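For reference, input.cif (mmCIF, N, CA and C atoms):
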data_data
loop_
_atom_site.label_atom_id
_atom_site.label_comp_id
_atom_site.auth_asym_id
_atom_site.auth_seq_id
_atom_site.Cartn_x
_atom_site.Cartn_y
_atom_site.Cartn_z
N MET A 185 23.08 14.96 12.81
CA MET A 185 23.83 15.43 11.65
C MET A 185 24.31 16.84 11.93
N ALA A 186 25.47 17.13 11.44
CA ALA A 186 26.01 18.48 11.56
C ALA A 186 25.43 19.35 10.46
N ILE A 187 25.57 20.65 10.62
CA ILE A 187 25.06 21.58 9.62
C ILE A 187 25.62 21.29 8.24
N LYS A 188 26.87 20.89 8.14
CA LYS A 188 27.51 20.66 6.85
C LYS A 188 27.07 19.36 6.18
N ASP A 189 26.45 18.46 6.93
CA ASP A 189 26.01 17.19 6.37
C ASP A 189 24.90 17.39 5.35
N THR A 190 24.99 16.64 4.26
CA THR A 190 23.98 16.71 3.21
C THR A 190 23.36 15.34 3.02
N LEU A 191 22.07 15.23 3.31
CA LEU A 191 21.33 13.99 3.14
C LEU A 191 20.56 14.06 1.84
N ILE A 192 20.73 13.03 1.01
CA ILE A 192 20.01 12.92 -0.25
C ILE A 192 19.33 11.57 -0.27
N VAL A 193 18.03 11.54 -0.56
CA VAL A 193 17.31 10.29 -0.80
C VAL A 193 17.08 10.23 -2.30
N ARG A 194 17.54 9.14 -2.90
CA ARG A 194 17.48 9.03 -4.36
C ARG A 194 17.28 7.57 -4.76
N PRO A 195 16.90 7.36 -6.02
CA PRO A 195 16.77 5.98 -6.51
C PRO A 195 18.12 5.26 -6.51
N LEU A 196 18.07 3.98 -6.29
CA LEU A 196 19.25 3.13 -6.36
C LEU A 196 19.81 3.14 -7.78
N LYS A 197 21.14 3.13 -7.90
CA LYS A 197 21.83 3.09 -9.20
C LYS A 197 22.74 1.87 -9.25
N ALA A 198 23.09 1.45 -10.46
CA ALA A 198 23.99 0.30 -10.64
C ALA A 198 25.31 0.50 -9.91
N ALA A 199 25.81 1.70 -9.88
CA ALA A 199 27.09 1.98 -9.22
C ALA A 199 27.03 1.82 -7.70
N ASP A 200 25.84 1.68 -7.15
CA ASP A 200 25.66 1.56 -5.70
C ASP A 200 25.79 0.12 -5.19
N GLU A 201 26.02 -0.83 -6.08
CA GLU A 201 25.88 -2.23 -5.69
C GLU A 201 26.68 -2.61 -4.45
N GLN A 202 27.94 -2.26 -4.36
CA GLN A 202 28.75 -2.69 -3.20
C GLN A 202 28.24 -2.09 -1.90
N GLN A 203 27.91 -0.80 -1.91
CA GLN A 203 27.38 -0.18 -0.69
C GLN A 203 26.00 -0.73 -0.36
N TRP A 204 25.18 -0.97 -1.39
CA TRP A 204 23.86 -1.57 -1.18
C TRP A 204 24.00 -2.95 -0.54
N ARG A 205 24.93 -3.77 -1.04
CA ARG A 205 25.16 -5.10 -0.48
C ARG A 205 25.49 -5.03 1.01
N ARG A 206 26.35 -4.09 1.38
CA ARG A 206 26.72 -3.94 2.78
C ARG A 206 25.50 -3.60 3.62
N LEU A 207 24.71 -2.64 3.16
CA LEU A 207 23.52 -2.24 3.90
C LEU A 207 22.50 -3.37 4.00
N TRP A 208 22.25 -4.06 2.89
CA TRP A 208 21.24 -5.12 2.90
C TRP A 208 21.72 -6.30 3.75
N HIS A 209 23.02 -6.61 3.69
CA HIS A 209 23.58 -7.66 4.55
C HIS A 209 23.34 -7.31 6.02
N ASP A 210 23.63 -6.07 6.39
CA ASP A 210 23.45 -5.65 7.78
C ASP A 210 21.97 -5.67 8.18
N TYR A 211 21.09 -5.29 7.27
CA TYR A 211 19.65 -5.35 7.52
C TYR A 211 19.22 -6.79 7.80
N LEU A 212 19.63 -7.71 6.92
CA LEU A 212 19.27 -9.12 7.09
C LEU A 212 19.84 -9.67 8.39
N GLU A 213 21.07 -9.29 8.71
CA GLU A 213 21.69 -9.74 9.95
C GLU A 213 20.92 -9.24 11.17
N TYR A 214 20.43 -7.99 11.11
CA TYR A 214 19.63 -7.46 12.21
C TYR A 214 18.42 -8.34 12.48
N TYR A 215 17.81 -8.84 11.42
CA TYR A 215 16.65 -9.71 11.55
C TYR A 215 17.04 -11.19 11.65
N GLU A 216 18.32 -11.44 11.93
CA GLU A 216 18.83 -12.78 12.18
C GLU A 216 18.54 -13.75 11.05
N THR A 217 18.82 -13.27 9.83
CA THR A 217 18.62 -14.12 8.66
C THR A 217 19.72 -13.83 7.65
N SER A 218 19.76 -14.62 6.61
CA SER A 218 20.70 -14.41 5.52
C SER A 218 20.09 -15.00 4.25
N VAL A 219 20.66 -14.62 3.13
CA VAL A 219 20.21 -15.15 1.85
C VAL A 219 21.45 -15.55 1.05
N PRO A 220 21.30 -16.51 0.15
CA PRO A 220 22.45 -16.92 -0.67
C PRO A 220 22.82 -15.85 -1.70
N GLU A 221 24.00 -15.97 -2.25
CA GLU A 221 24.53 -15.01 -3.21
C GLU A 221 23.57 -14.78 -4.38
N GLU A 222 22.94 -15.85 -4.87
CA GLU A 222 22.06 -15.68 -6.03
C GLU A 222 20.87 -14.77 -5.72
N VAL A 223 20.47 -14.69 -4.46
CA VAL A 223 19.38 -13.78 -4.09
C VAL A 223 19.88 -12.33 -4.11
N TYR A 224 21.11 -12.10 -3.66
CA TYR A 224 21.68 -10.75 -3.78
C TYR A 224 21.68 -10.31 -5.24
N VAL A 225 22.16 -11.20 -6.11
CA VAL A 225 22.26 -10.87 -7.54
C VAL A 225 20.87 -10.62 -8.13
N SER A 226 19.94 -11.51 -7.85
CA SER A 226 18.59 -11.38 -8.39
C SER A 226 17.89 -10.14 -7.84
N SER A 227 17.99 -9.92 -6.55
CA SER A 227 17.32 -8.76 -5.94
C SER A 227 17.86 -7.45 -6.49
N PHE A 228 19.17 -7.34 -6.62
CA PHE A 228 19.75 -6.10 -7.15
C PHE A 228 19.29 -5.87 -8.59
N ALA A 229 19.29 -6.93 -9.39
CA ALA A 229 18.83 -6.80 -10.78
C ALA A 229 17.37 -6.37 -10.82
N ARG A 230 16.54 -6.94 -9.97
CA ARG A 230 15.12 -6.57 -9.95
C ARG A 230 14.93 -5.13 -9.49
N LEU A 231 15.73 -4.70 -8.52
CA LEU A 231 15.63 -3.31 -8.06
C LEU A 231 15.96 -2.32 -9.17
N LEU A 232 16.81 -2.72 -10.10
CA LEU A 232 17.18 -1.84 -11.21
C LEU A 232 16.34 -2.10 -12.45
N GLY A 233 15.50 -3.14 -12.43
CA GLY A 233 14.72 -3.52 -13.60
C GLY A 233 13.58 -2.58 -13.89
N ASP A 234 12.94 -2.81 -15.04
CA ASP A 234 11.82 -1.95 -15.43
C ASP A 234 10.50 -2.70 -15.50
N ASP A 235 10.47 -3.94 -15.01
CA ASP A 235 9.22 -4.69 -14.94
C ASP A 235 8.38 -4.08 -13.82
N PRO A 236 7.12 -3.72 -14.08
CA PRO A 236 6.30 -3.11 -13.04
C PRO A 236 6.10 -4.00 -11.81
N GLN A 237 6.33 -5.30 -11.94
CA GLN A 237 6.23 -6.19 -10.79
C GLN A 237 7.50 -6.19 -9.94
N ASP A 238 8.57 -5.63 -10.48
CA ASP A 238 9.83 -5.61 -9.74
C ASP A 238 9.79 -4.63 -8.59
N PHE A 239 10.74 -4.82 -7.70
CA PHE A 239 10.91 -3.91 -6.57
C PHE A 239 11.51 -2.60 -7.04
N ASN A 240 11.37 -1.61 -6.21
CA ASN A 240 12.01 -0.33 -6.41
C ASN A 240 12.92 -0.10 -5.21
N GLY A 241 13.98 0.65 -5.41
CA GLY A 241 14.88 0.91 -4.31
C GLY A 241 15.23 2.38 -4.20
N LEU A 242 15.25 2.85 -2.98
CA LEU A 242 15.75 4.18 -2.67
C LEU A 242 16.90 4.00 -1.69
N VAL A 243 17.86 4.93 -1.78
CA VAL A 243 18.97 4.93 -0.83
C VAL A 243 19.09 6.31 -0.22
N ALA A 244 19.62 6.33 0.99
CA ALA A 244 19.93 7.59 1.67
C ALA A 244 21.44 7.75 1.60
N GLU A 245 21.83 8.88 1.05
CA GLU A 245 23.25 9.18 0.88
C GLU A 245 23.59 10.37 1.77
N LEU A 246 24.58 10.19 2.61
CA LEU A 246 25.00 11.24 3.52
C LEU A 246 26.46 11.55 3.23
N ASN A 247 26.70 12.75 2.74
CA ASN A 247 28.07 13.17 2.40
C ASN A 247 28.77 12.17 1.49
N GLY A 248 28.05 11.64 0.51
CA GLY A 248 28.63 10.74 -0.48
C GLY A 248 28.65 9.27 -0.11
N LYS A 249 28.23 8.90 1.08
CA LYS A 249 28.21 7.51 1.52
C LYS A 249 26.78 7.05 1.72
N LEU A 250 26.46 5.84 1.25
CA LEU A 250 25.13 5.30 1.48
C LEU A 250 25.00 4.88 2.94
N VAL A 251 23.96 5.38 3.60
CA VAL A 251 23.74 5.10 5.02
C VAL A 251 22.38 4.47 5.28
N GLY A 252 21.57 4.28 4.24
CA GLY A 252 20.26 3.68 4.42
C GLY A 252 19.69 3.22 3.11
N LEU A 253 18.70 2.32 3.21
CA LEU A 253 18.03 1.82 2.01
C LEU A 253 16.58 1.51 2.32
N THR A 254 15.79 1.48 1.28
CA THR A 254 14.44 0.96 1.37
C THR A 254 14.10 0.29 0.05
N HIS A 255 13.35 -0.79 0.13
CA HIS A 255 12.84 -1.51 -1.04
C HIS A 255 11.32 -1.51 -0.93
N TYR A 256 10.66 -1.26 -2.04
CA TYR A 256 9.20 -1.23 -2.03
C TYR A 256 8.68 -1.70 -3.37
N LEU A 257 7.40 -2.09 -3.38
CA LEU A 257 6.78 -2.53 -4.62
C LEU A 257 5.30 -2.15 -4.62
N PHE A 258 4.75 -2.14 -5.80
CA PHE A 258 3.32 -1.84 -5.97
C PHE A 258 2.60 -3.13 -6.36
N HIS A 259 1.40 -3.31 -5.82
CA HIS A 259 0.62 -4.48 -6.18
C HIS A 259 -0.87 -4.14 -6.10
N ARG A 260 -1.65 -4.99 -6.75
CA ARG A 260 -3.11 -4.81 -6.73
C ARG A 260 -3.66 -5.18 -5.36
N HIS A 261 -4.82 -4.65 -5.10
CA HIS A 261 -5.49 -4.91 -3.81
C HIS A 261 -6.95 -5.21 -4.12
N GLY A 262 -7.46 -6.27 -3.54
CA GLY A 262 -8.82 -6.70 -3.82
C GLY A 262 -9.90 -5.74 -3.34
N TRP A 263 -9.57 -4.81 -2.46
CA TRP A 263 -10.56 -3.88 -1.93
C TRP A 263 -10.43 -2.48 -2.51
N LYS A 264 -9.53 -2.29 -3.46
CA LYS A 264 -9.28 -0.95 -4.01
C LYS A 264 -9.14 -1.01 -5.52
N ILE A 265 -9.39 0.10 -6.17
CA ILE A 265 -9.16 0.21 -7.60
C ILE A 265 -7.67 0.42 -7.87
N GLU A 266 -7.08 1.34 -7.13
CA GLU A 266 -5.67 1.67 -7.35
C GLU A 266 -4.77 0.63 -6.69
N ASN A 267 -3.52 0.60 -7.13
CA ASN A 267 -2.53 -0.26 -6.50
C ASN A 267 -2.23 0.22 -5.08
N THR A 268 -1.62 -0.64 -4.32
CA THR A 268 -1.13 -0.28 -3.00
C THR A 268 0.38 -0.47 -3.00
N CYS A 269 1.04 0.11 -2.04
CA CYS A 269 2.51 0.06 -1.98
C CYS A 269 2.94 -0.68 -0.72
N TYR A 270 3.78 -1.68 -0.91
CA TYR A 270 4.34 -2.43 0.20
C TYR A 270 5.80 -2.04 0.37
N LEU A 271 6.13 -1.49 1.51
CA LEU A 271 7.50 -1.13 1.85
C LEU A 271 8.09 -2.38 2.52
N GLN A 272 8.93 -3.10 1.79
CA GLN A 272 9.41 -4.38 2.31
C GLN A 272 10.61 -4.26 3.23
N ASP A 273 11.58 -3.48 2.85
CA ASP A 273 12.82 -3.39 3.62
C ASP A 273 13.12 -1.92 3.91
N LEU A 274 13.58 -1.65 5.11
CA LEU A 274 13.99 -0.30 5.51
C LEU A 274 15.14 -0.45 6.48
N TYR A 275 16.25 0.22 6.20
CA TYR A 275 17.42 0.08 7.06
C TYR A 275 18.23 1.37 7.05
N ALA A 276 18.72 1.72 8.22
CA ALA A 276 19.68 2.82 8.37
C ALA A 276 20.85 2.31 9.19
N ASP A 277 22.05 2.70 8.80
CA ASP A 277 23.24 2.34 9.57
C ASP A 277 23.05 2.71 11.03
N PRO A 278 23.48 1.86 11.96
CA PRO A 278 23.31 2.17 13.38
C PRO A 278 23.90 3.52 13.80
N ASP A 279 25.02 3.92 13.19
CA ASP A 279 25.65 5.18 13.60
C ASP A 279 24.91 6.43 13.14
N VAL A 280 23.87 6.27 12.31
CA VAL A 280 23.08 7.44 11.89
C VAL A 280 21.62 7.35 12.33
N ARG A 281 21.30 6.35 13.10
CA ARG A 281 19.91 6.21 13.57
C ARG A 281 19.55 7.36 14.49
N GLY A 282 18.30 7.78 14.40
CA GLY A 282 17.85 8.91 15.21
C GLY A 282 18.17 10.25 14.57
N LYS A 283 18.67 10.22 13.33
CA LYS A 283 19.05 11.47 12.65
C LYS A 283 18.16 11.77 11.45
N GLY A 284 17.03 11.08 11.35
CA GLY A 284 16.08 11.39 10.28
C GLY A 284 16.23 10.57 9.02
N ILE A 285 17.13 9.60 9.01
CA ILE A 285 17.36 8.79 7.81
C ILE A 285 16.13 7.93 7.51
N GLY A 286 15.63 7.21 8.50
CA GLY A 286 14.46 6.36 8.30
C GLY A 286 13.25 7.15 7.86
N ARG A 287 13.01 8.28 8.52
CA ARG A 287 11.88 9.14 8.14
C ARG A 287 12.02 9.61 6.70
N ALA A 288 13.21 10.03 6.32
CA ALA A 288 13.43 10.52 4.95
C ALA A 288 13.19 9.42 3.92
N LEU A 289 13.62 8.20 4.23
CA LEU A 289 13.38 7.08 3.31
C LEU A 289 11.90 6.74 3.20
N ILE A 290 11.20 6.71 4.33
CA ILE A 290 9.76 6.44 4.29
C ILE A 290 9.03 7.54 3.53
N GLU A 291 9.39 8.77 3.77
CA GLU A 291 8.76 9.88 3.03
C GLU A 291 9.07 9.77 1.54
N GLY A 292 10.25 9.26 1.18
CA GLY A 292 10.57 9.01 -0.22
C GLY A 292 9.65 7.97 -0.83
N VAL A 293 9.33 6.93 -0.07
CA VAL A 293 8.39 5.92 -0.54
C VAL A 293 6.99 6.53 -0.64
N TYR A 294 6.59 7.32 0.35
CA TYR A 294 5.28 7.99 0.28
C TYR A 294 5.18 8.84 -1.01
N THR A 295 6.24 9.56 -1.32
CA THR A 295 6.26 10.40 -2.53
C THR A 295 6.14 9.54 -3.79
N ALA A 296 6.89 8.44 -3.83
CA ALA A 296 6.82 7.54 -4.99
C ALA A 296 5.44 6.93 -5.12
N ALA A 297 4.84 6.55 -4.01
CA ALA A 297 3.49 5.98 -4.04
C ALA A 297 2.48 7.00 -4.54
N ASP A 298 2.57 8.22 -4.06
CA ASP A 298 1.67 9.27 -4.53
C ASP A 298 1.83 9.48 -6.03
N ALA A 299 3.06 9.51 -6.51
CA ALA A 299 3.32 9.72 -7.94
C ALA A 299 2.76 8.58 -8.78
N ALA A 300 2.73 7.37 -8.20
CA ALA A 300 2.22 6.19 -8.91
C ALA A 300 0.71 6.02 -8.74
N GLY A 301 0.08 6.92 -8.00
CA GLY A 301 -1.37 6.82 -7.79
C GLY A 301 -1.74 5.72 -6.81
N ALA A 302 -0.83 5.39 -5.91
CA ALA A 302 -1.07 4.34 -4.91
C ALA A 302 -1.02 4.99 -3.52
N PRO A 303 -2.14 5.52 -3.07
CA PRO A 303 -2.12 6.29 -1.82
C PRO A 303 -1.86 5.46 -0.56
N ALA A 304 -2.10 4.16 -0.60
CA ALA A 304 -1.88 3.32 0.58
C ALA A 304 -0.45 2.78 0.57
N VAL A 305 0.24 2.92 1.69
CA VAL A 305 1.59 2.37 1.89
C VAL A 305 1.55 1.61 3.21
N TYR A 306 2.06 0.38 3.20
CA TYR A 306 2.09 -0.40 4.43
C TYR A 306 3.40 -1.15 4.55
N TRP A 307 3.72 -1.59 5.77
CA TRP A 307 4.89 -2.40 6.00
C TRP A 307 4.71 -3.21 7.28
N LEU A 308 5.61 -4.16 7.47
CA LEU A 308 5.64 -5.00 8.66
C LEU A 308 6.95 -4.76 9.38
N THR A 309 6.98 -5.01 10.67
CA THR A 309 8.23 -4.99 11.42
C THR A 309 8.14 -5.99 12.55
N GLN A 310 9.27 -6.32 13.10
CA GLN A 310 9.31 -7.22 14.25
C GLN A 310 8.89 -6.45 15.49
N ASP A 311 8.25 -7.13 16.43
CA ASP A 311 7.81 -6.46 17.65
C ASP A 311 8.98 -5.92 18.48
N PHE A 312 10.17 -6.52 18.34
CA PHE A 312 11.34 -6.08 19.11
C PHE A 312 12.05 -4.87 18.50
N ASN A 313 11.59 -4.41 17.36
CA ASN A 313 12.24 -3.28 16.68
C ASN A 313 11.76 -1.96 17.31
N ILE A 314 12.06 -1.77 18.57
CA ILE A 314 11.51 -0.69 19.38
C ILE A 314 11.87 0.69 18.84
N GLN A 315 13.14 0.93 18.52
CA GLN A 315 13.53 2.26 18.07
C GLN A 315 12.80 2.64 16.78
N ALA A 316 12.74 1.74 15.83
CA ALA A 316 12.04 2.02 14.58
C ALA A 316 10.55 2.22 14.82
N ARG A 317 9.98 1.45 15.72
CA ARG A 317 8.54 1.56 15.98
C ARG A 317 8.18 2.93 16.56
N LYS A 318 9.09 3.55 17.28
CA LYS A 318 8.83 4.91 17.78
C LYS A 318 8.64 5.87 16.61
N LEU A 319 9.47 5.72 15.58
CA LEU A 319 9.30 6.54 14.37
C LEU A 319 8.00 6.17 13.67
N TYR A 320 7.75 4.89 13.48
CA TYR A 320 6.54 4.45 12.77
C TYR A 320 5.27 4.97 13.43
N ASP A 321 5.27 5.01 14.76
CA ASP A 321 4.11 5.52 15.48
C ASP A 321 3.86 7.00 15.19
N LEU A 322 4.88 7.73 14.78
CA LEU A 322 4.73 9.15 14.46
C LEU A 322 4.24 9.39 13.04
N ILE A 323 4.57 8.49 12.10
CA ILE A 323 4.29 8.77 10.69
C ILE A 323 3.36 7.76 10.03
N ALA A 324 2.83 6.83 10.83
CA ALA A 324 1.92 5.82 10.29
C ALA A 324 0.94 5.41 11.38
N VAL A 325 0.03 4.52 11.02
CA VAL A 325 -0.97 4.04 11.96
C VAL A 325 -0.76 2.55 12.17
N LEU A 326 -0.62 2.14 13.41
CA LEU A 326 -0.49 0.73 13.75
C LEU A 326 -1.84 0.05 13.51
N THR A 327 -1.81 -1.05 12.76
CA THR A 327 -3.06 -1.77 12.49
C THR A 327 -3.16 -2.97 13.43
N PRO A 328 -4.36 -3.54 13.55
CA PRO A 328 -4.53 -4.69 14.44
C PRO A 328 -4.23 -6.03 13.77
N PHE A 329 -3.74 -6.03 12.53
CA PHE A 329 -3.52 -7.29 11.84
C PHE A 329 -2.34 -8.07 12.40
N ILE A 330 -2.47 -9.38 12.40
CA ILE A 330 -1.42 -10.30 12.82
C ILE A 330 -1.05 -11.13 11.60
N LYS A 331 0.24 -11.28 11.35
CA LYS A 331 0.70 -11.99 10.17
C LYS A 331 0.79 -13.49 10.43
N TYR A 332 0.30 -14.28 9.49
CA TYR A 332 0.49 -15.72 9.47
C TYR A 332 1.15 -16.06 8.16
N GLN A 333 1.91 -17.15 8.16
CA GLN A 333 2.48 -17.63 6.91
C GLN A 333 2.61 -19.13 6.92
N ARG A 334 2.70 -19.68 5.75
CA ARG A 334 2.82 -21.11 5.60
C ARG A 334 4.14 -21.58 6.24
N PRO A 335 4.10 -22.68 7.00
CA PRO A 335 5.34 -23.17 7.64
C PRO A 335 6.31 -23.74 6.63
#

Step by step, read the file and then write its structure as C-alpha cells.
Amino acid sequence: MAIKDTLIVRPLKAADEQQWRRLWHDYLEYYETSVPEEVYVSSFARLLGDDPQDFNGLVAELNGKLVGLTHYLFHRHGWKIENTCYLQDLYADPDVRGKGIGRALIEGVYTAADAAGAPAVYWLTQDFNIQARKLYDLIAVLTPFIKYQRP
C-alpha cells in the first residue's frame, strides 16, 4: 500500500451487497465451489441480521473499494462457559494480498470476539492455501485436529 492508501475494517452494510457478492464469489471460486443465488440472498440477509445465531461480517475497504471480507459467528462450546468464535470465511483480493488486509480482518474478528466475551477464535483452511497459512502461522496456533464430515 502507498502512504496515501487508507485501509478501514468495518462491519458489512446493506449498501455493500454488490461488492460483497463479487468478493464472496471470488472466495468460493478459489476453493473450487459455488452456491446458488438463494444462498447469496440468505447469507447476506443473515450477515445483516440481528439474530445472535446469525453470522457477522467485516469488510476491508481500501480507498473506498471493498478489497476483503470475513464472516464469523459465535457458538457455545461444551468445554467452556463462554462462547467461542468461528471465523468461517476470509478473503482478500489477489491484487492486495501481502499488504496486511488478511491480518487486519483477522484482528477485527479478534476484537469482536473479545468484545463479545469469546476469547477463543478458530478457523479452518485448505492445506494448499500456502500464502494465507504463512500469515496464520504468525497470528495463530496450528492445531493437530483433522476435520471429518458426513459424506

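Across the structure, atom CA of Leu242 of chain A and atom CA of Ile314 of chain A are spaced 23.0 Å apart.
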
_From a backbone DSSP assignment, name each residue in segment 246-291 of chain A labelled strand (DSSP E or B), as a ChimeraX atom specification._
/A:246,249-259,268-276

*Between atom N of Leu246 of chain A and atom CA of Glu291 of chain A, what is the distance, to one decimal in Å?*
15.8 Å

_Residue members of the PyMOL selection byres ((chain A and resi 271-279) around 7) in the file shown, as a list of chain:residue names_ = A:Leu207, A:Tyr211, A:Leu250, A:Val251, A:Gly252, A:Leu253, A:Thr254, A:His255, A:Tyr256, A:Leu257, A:Cys269, A:Tyr270, A:Val280, A:Arg281, A:Gly282, A:Ile285, A:Gly286, A:Val305, A:Tyr306, A:Trp307, A:Leu308

*Residues picked by the PyMOL selection byres (((chain A and resi 258 and name CA) around 9) and name CA) here, as a ChimeraX atom specification?*
/A:236-240,256-257,259-260,267-271,297,300,302

*atom C of Ala304 of chain A to atom C of Asp189 of chain A, straight-line distance in Å*: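 Calculated distance between atom C of Asp189 of chain A and atom C of Ala304 of chain A is 29.6 Å.
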
Using the chain letters and numbering of this document, enumerate as a PDB file with N, CA and C atoms, in the frame of the given file the residues selected by the PyMOL selection byres (((chain A and resi 191 and name CA) around 10) and name CA).
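The result, written out as out.pdb:
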ATOM      1  N   MET A 185      23.080  14.960  12.810  1.00  0.00           N
ATOM      2  CA  MET A 185      23.830  15.430  11.650  1.00  0.00           C
ATOM      3  C   MET A 185      24.310  16.840  11.930  1.00  0.00           C
ATOM      4  N   LYS A 188      26.870  20.890   8.140  1.00  0.00           N
ATOM      5  CA  LYS A 188      27.510  20.660   6.850  1.00  0.00           C
ATOM      6  C   LYS A 188      27.070  19.360   6.180  1.00  0.00           C
ATOM      7  N   ASP A 189      26.450  18.460   6.930  1.00  0.00           N
ATOM      8  CA  ASP A 189      26.010  17.190   6.370  1.00  0.00           C
ATOM      9  C   ASP A 189      24.900  17.390   5.350  1.00  0.00           C
ATOM     10  N   THR A 190      24.990  16.640   4.260  1.00  0.00           N
ATOM     11  CA  THR A 190      23.980  16.710   3.210  1.00  0.00           C
ATOM     12  C   THR A 190      23.360  15.340   3.020  1.00  0.00           C
ATOM     13  N   ILE A 192      20.730  13.030   1.010  1.00  0.00           N
ATOM     14  CA  ILE A 192      20.010  12.920  -0.250  1.00  0.00           C
ATOM     15  C   ILE A 192      19.330  11.570  -0.270  1.00  0.00           C
ATOM     16  N   VAL A 193      18.030  11.540  -0.560  1.00  0.00           N
ATOM     17  CA  VAL A 193      17.310  10.290  -0.800  1.00  0.00           C
ATOM     18  C   VAL A 193      17.080  10.230  -2.300  1.00  0.00           C
ATOM     19  N   ARG A 194      17.540   9.140  -2.900  1.00  0.00           N
ATOM     20  CA  ARG A 194      17.480   9.030  -4.360  1.00  0.00           C
ATOM     21  C   ARG A 194      17.280   7.570  -4.760  1.00  0.00           C
ATOM     22  N   ALA A 244      19.620   6.330   0.990  1.00  0.00           N
ATOM     23  CA  ALA A 244      19.930   7.590   1.670  1.00  0.00           C
ATOM     24  C   ALA A 244      21.440   7.750   1.600  1.00  0.00           C
ATOM     25  N   GLU A 245      21.830   8.880   1.050  1.00  0.00           N
ATOM     26  CA  GLU A 245      23.250   9.180   0.880  1.00  0.00           C
ATOM     27  C   GLU A 245      23.590  10.370   1.770  1.00  0.00           C
ATOM     28  N   LEU A 246      24.580  10.190   2.610  1.00  0.00           N
ATOM     29  CA  LEU A 246      25.000  11.240   3.520  1.00  0.00           C
ATOM     30  C   LEU A 246      26.460  11.550   3.230  1.00  0.00           C
ATOM     31  N   ASN A 247      26.700  12.750   2.740  1.00  0.00           N
ATOM     32  CA  ASN A 247      28.070  13.170   2.400  1.00  0.00           C
ATOM     33  C   ASN A 247      28.770  12.170   1.490  1.00  0.00           C
ATOM     34  N   GLY A 248      28.050  11.640   0.510  1.00  0.00           N
ATOM     35  CA  GLY A 248      28.630  10.740  -0.480  1.00  0.00           C
ATOM     36  C   GLY A 248      28.650   9.270  -0.110  1.00  0.00           C
ATOM     37  N   LYS A 249      28.230   8.900   1.080  1.00  0.00           N
ATOM     38  CA  LYS A 249      28.210   7.510   1.520  1.00  0.00           C
ATOM     39  C   LYS A 249      26.780   7.050   1.720  1.00  0.00           C
ATOM     40  N   LEU A 250      26.460   5.840   1.250  1.00  0.00           N
ATOM     41  CA  LEU A 250      25.130   5.300   1.480  1.00  0.00           C
ATOM     42  C   LEU A 250      25.000   4.880   2.940  1.00  0.00           C
ATOM     43  N   VAL A 251      23.960   5.380   3.600  1.00  0.00           N
ATOM     44  CA  VAL A 251      23.740   5.100   5.020  1.00  0.00           C
ATOM     45  C   VAL A 251      22.380   4.470   5.280  1.00  0.00           C
ATOM     46  N   GLY A 284      17.030  11.080  11.350  1.00  0.00           N
ATOM     47  CA  GLY A 284      16.080  11.390  10.280  1.00  0.00           C
ATOM     48  C   GLY A 284      16.230  10.570   9.020  1.00  0.00           C
ATOM     49  N   ILE A 285      17.130   9.600   9.010  1.00  0.00           N
ATOM     50  CA  ILE A 285      17.360   8.790   7.810  1.00  0.00           C
ATOM     51  C   ILE A 285      16.130   7.930   7.510  1.00  0.00           C
ATOM     52  N   ALA A 288      13.210  10.030   6.320  1.00  0.00           N
ATOM     53  CA  ALA A 288      13.430  10.520   4.950  1.00  0.00           C
ATOM     54  C   ALA A 288      13.190   9.420   3.920  1.00  0.00           C
TER      55      ALA A 288
END

*Considering only N, CA and C atoms, state which residue in the set A:Lys331, A:Leu326, A:Asp298, A:Lys197 is at the smallest distance from Gly241 of chain A.*
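Checking each candidate against Gly241 of chain A, we get A:Lys197 as the closest.
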
*For Glu266 of chain A, which residue out of A:Ser226, A:Thr309, A:Pro303, A:Arg317 is the nearest one, using only C-alpha atoms?*
A:Pro303

*Looking only at alpha helix (DSSP H) from DSSP on the backbone, list the matching residues of segment 208-276 of chain A as a PyMOL selection string.*
chain A and resi 208-214+221-232

Box centre and edge lengths (Å, one decimal), axis-aligned, segment 309-314 of chain A plus 8 Å each side, as lines of an AutoDock Vina configuration file:
center_x = 9.6
center_y = -3.3
center_z = 15.0
size_x = 21.3
size_y = 23.9
size_z = 24.7

*Rank A:Pro328, A:Glu201, A:Val243, A:His209 by their smallest atom-to-atom distance to Phe228 of chain A, using only N, CA and C atoms, and report the top residue only.*
A:Glu201
